[in-house]
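Colleague: Handing you this structure, nothing more for now.
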Amino acid sequence: MNTKSGNKIELTFLFLLFITTSIFAQKFENLALTPPMGWSSWNKFGVKINEKIIREVADAMVSSGMKDAGYEYVNIDDCWQISRDKNGNILADSINFPSGMKALADYVHSKGLKFGLYSCAGSLTCAGRPGSRGFEYQDARTYASWGVDFLKYDFCNIDAQNAEGAYKIMRDALFTAKRPVVFEICEWGGSQPWTWASKVGNLWRTTGDIMDCWDCEFNWGGSGVMQIADKNSKLAKYAKPGSWNHPDMLEVGNKNLTDNEARSHFTLWCMMAAPLIAGNDLRSMSQVTKEILNNKEIIALDQDSLGKQGFRWIVFNGIEVWAKPLRNDEIALCFLNRSDVVKTIEFDWKENPTIWNGNADGSPIKVSDKLNIRDLWLKKAIGTTKENLKKTIQPHDVLVIRLTK
C-alpha cells in the first residue's frame with residue numbers, strides 16, 4: 001500500500017469514527033432520577049482544597065448520618081488540576097493531591113459514596129487552571145479511568161463558544177468514555193439552559209453563584225438565598241426525573257445564616273426539587289446543622305419520585321405559600337415568613353380548595369376536607385383540613401406540612 005492510499009484510508013476511518021460517535025453519543029439514561037445529593041468543596045474552601053480535606057469530608061458524610069439520609073456525592077470543585085503533561089493529559093496538583101485522583105476516588109468509593117470532579121468548557125477554569133477546551137475526549141477518558149461519577153462543567157474563558165454546543169461536546173465525550181457520569185451544566189442561566197439542557201446534562205445552573213446571606217445581591221452576580229429562590233421559582237415546568245433546575249449549592253452550616261434562615265433555605269431547595277449539594281464543612285457541624293441537613297421528612301419532598309418542582313402558589317398577610325405535588329396525590333405546602341417580624345396565620349382550607357400553578361404544566365390540585373396534616377419540622381401530626389390551620393411563624397422561618405389521605 002502506498003503512502004497516499006494509507007493516508008486516505010486513515011482519514012476515512014477517522015471521519016467514520018467521528019460520524020459514528022456523533023450519531024450515537026448521548027446523555028446517559030437512568031441517572032439522577034431524583035435530584036443528586038452530596039457535597040462540594042467550593043462554598044467553604046474555595047481554592048484552598050486538598051486530599052486530606054476530601055478524605056475527612058467523606059468520613060464525616062458517613063459518621064454524621066448524611067449518607068444514611070441519601071447524600072452520596074463528594075465533589076471537588078476548581079483548583080485540583082495544575083497542568084497537562086507532554087501528551088496533553090490533565091495532571092492533578094501533586095502538592096495538594098499527592099496520592100492522585102484515582103486513589104482519592106477509590107477512598108471515597110470505599111465509604112459507599114461517589115466521587116465528583118470539576119472542569120470548564122473554556123481554555124482555563126474560572127480560577128485560571130487548565131480547562132477542557134480542545135481536550136474534552138481525552139479528559140473524559142481520564143476521568144473514567146479514575147472512577148469519576150459526577151462532573152461539574154463551568155463556563156469561564158470561553159471566547160466565542162456557544163454554550164449548548166460546548167456542553168454537547170463534553171456530553172458526547174463522557175458517553176464515549178463509557179462510564180456513566182452525572183453531568184452538571186454550570187453556565188449560570190445565561191443561555192436559558194432549561195430550554196435545551198435536558199438532552200445534554202442532568203442538572204443545570206439557573207442563576208449566578210449563591211452567597212452566604214439571606215436576601216442580598218451583589219453587582220458582579222452573586223446572590224443571597226431568597227434572590228436565588230425567586231429566580232429559580234419561575235422554572236418549575238422544566239424539571240423532571242433526570243433533568244433538574246439547579247439554584248446552586250447549599251449554604252446551610254456556613255456562618256452568615258441564622259438557624260431560621262438555614263431551615264428555610266433547605267426547605268425551599270427541597271420544595272423546588274433542587275440538587276442538595278451541601279457547601280459547608282461537614283467535619284465541624286453544629287447539632288442544628290446536622291438536624292437540618294438530615295431531616296428525612298423534608299428530604300423526602302426533594303426526592304419524591306413524581307419529580308415535580310414546587311412553586312410559589314399564593315401570598316397572603318405577608319406569608320408566601322409554596323406548593324409541591326407529590327406521588328400518591330399527596331401535597332407539600334411551605335408557609336414562608338420572609339419578613340422581619342413574627343407572623344400569625346389562620347389558613348382557611350375552604351377558601352383555598354384548589355392549588356394552581358400558572359408557571360408550570362399540569363392540572364389544578366384539589367384540596368379536600370379529609371386530609372391529614374403533618375408538620376415536617378416538628379415531625380408530628382397537627383390536625384386535618386376540616387379545621388383552619390392556625391400557626392405562628394418566626395421571622396425568616398417556615399412552617400412545612402404534608403397533606404395525606
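By order of appearance in the C-alpha cells: chains A, B, ..., then residues from 1 within every chain, and ligands from 1 in the order shown.
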As a list in words, please: the residues near Thr404 of chain A (cut-off 12 Å, only C-alpha atoms, same-chain neighbours under 4 positions excluded).
Modeller: Pro325, Leu326, Arg327, Asn328, Asp329, Glu330, Ile331, Ala332, Leu333, Val367, Ser368, Asp369, Lys370, Leu371, Asn372, Ile373, Arg374, Asp375, Ala381, Gly383, Thr384 and Thr385 of chain A
Colleague: Among segment 70-239 of chain A, which ones does DSSP assign to alpha helix (DSSP H) (computed from the backbone)? Answer as JSON, numbers by chain.
Modeller: {"A": [101, 102, 103, 104, 105, 106, 107, 108, 109, 110, 136, 137, 138, 139, 140, 141, 142, 143, 144, 145, 146, 163, 164, 165, 166, 167, 168, 169, 170, 171, 172, 173, 174, 175, 176, 177, 225, 226, 227, 228, 229, 230, 231, 232]}
Colleague: Could you list, with a cut-off of 8 Å and counting only C-alpha atoms, the residues of segment 226-265 of chain A near segment 35-52 of chain A, each shown with its nearest atom pair and the distance in Å rounded to one decimal, rows sorted by chain and ascending number, as JSON lines?
Modeller:
```
{"residue": "A:Pro241", "atom": "CA", "partner": "A:Pro35", "partner_atom": "CA", "distance": 7.7}
{"residue": "A:Gly242", "atom": "CA", "partner": "A:Pro35", "partner_atom": "CA", "distance": 7.6}
{"residue": "A:Trp244", "atom": "CA", "partner": "A:Pro35", "partner_atom": "CA", "distance": 6.6}
{"residue": "A:Met249", "atom": "CA", "partner": "A:Asn43", "partner_atom": "CA", "distance": 7.6}
{"residue": "A:Glu251", "atom": "CA", "partner": "A:Asn43", "partner_atom": "CA", "distance": 7.3}
{"residue": "A:Asn254", "atom": "CA", "partner": "A:Lys44", "partner_atom": "CA", "distance": 7.4}
```
Colleague: With C-alpha atoms retained, could you export that selection as a PDB file, in the first residue's frame?
Modeller:
```pdb
ATOM      1  CA  PRO A 241     -36.622  12.979  36.579  1.00  0.00           C
ATOM      2  CA  GLY A 242     -33.084  13.026  35.199  1.00  0.00           C
ATOM      3  CA  TRP A 244     -33.196  19.349  37.232  1.00  0.00           C
ATOM      4  CA  MET A 249     -25.161  24.676  46.312  1.00  0.00           C
ATOM      5  CA  GLU A 251     -25.139  27.493  52.356  1.00  0.00           C
ATOM      6  CA  ASN A 254     -21.908  28.387  56.929  1.00  0.00           C
TER       7      ASN A 254
END
```
Colleague: For Gly70 of chain A, find every residue with an atom within 12 Å (counting only C-alpha atoms), except residues of its own chain fewer than 4 positions away, and show them as a PyMOL selection string.
Modeller: chain A and resi 34-39+61-62+64-66+112-114+275-277+293-300+302-303
Colleague: Quick one: residues within 9 Å of Ser286 of chain A, only C-alpha atoms, excluding same-chain residues fewer than 4 positions away - as a PyMOL selection string?
Modeller: chain A and resi 253+290-291
Colleague: Go ahead and save the residues from that selection, with C-alpha atoms, as a short mmCIF file (atom, residue, chain, number, x, y, z; two decimals), in the first residue's frame.
Modeller:
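As written to disk, again.cif reads:
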```cif
data_model
loop_
_atom_site.label_atom_id
_atom_site.label_comp_id
_atom_site.auth_asym_id
_atom_site.auth_seq_id
_atom_site.Cartn_x
_atom_site.Cartn_y
_atom_site.Cartn_z
CA GLY A 253 -23.98 25.44 58.10
CA LYS A 290 -26.96 18.20 61.28
CA GLU A 291 -30.66 18.20 62.12
#
```
Colleague: Using DSSP assignments from the backbone, pull out every residue in segment 79-247 of chain A that falls under strand (DSSP E or B) and give it to me as a PyMOL selection string.
Modeller: chain A and resi 81-84+90-92+114-120+124+130+150-154+182-185+203-205+210+217+223+240+243-246
Colleague: For Phe183 of chain A, which of A:Asn357, A:Asn162, A:Thr125, A:Ser119 is the closest residue, counting only C-alpha atoms?
Modeller: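 Among the listed residues, the smallest separation from Phe183 of chain A belongs to A:Ser119.
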Colleague: Do a neighbour search on Met226 of chain A at 9 Å with only C-alpha atoms, toss out local chain neighbours closer than 6 positions, and write the hits as an NGL selection string.
Modeller: :A and (213-216 or 265 or 338)
Colleague: Can you tell me which residues surround segment 139-149 of chain A at a distance of at most 9 Å, considering only C-alpha atoms, apart from same-chain residues fewer than 4 positions away, and format the answer as a ChimeraX atom specification?
Modeller: /A:73,89-90,101-106,109,114-117,132,135,170,173-183
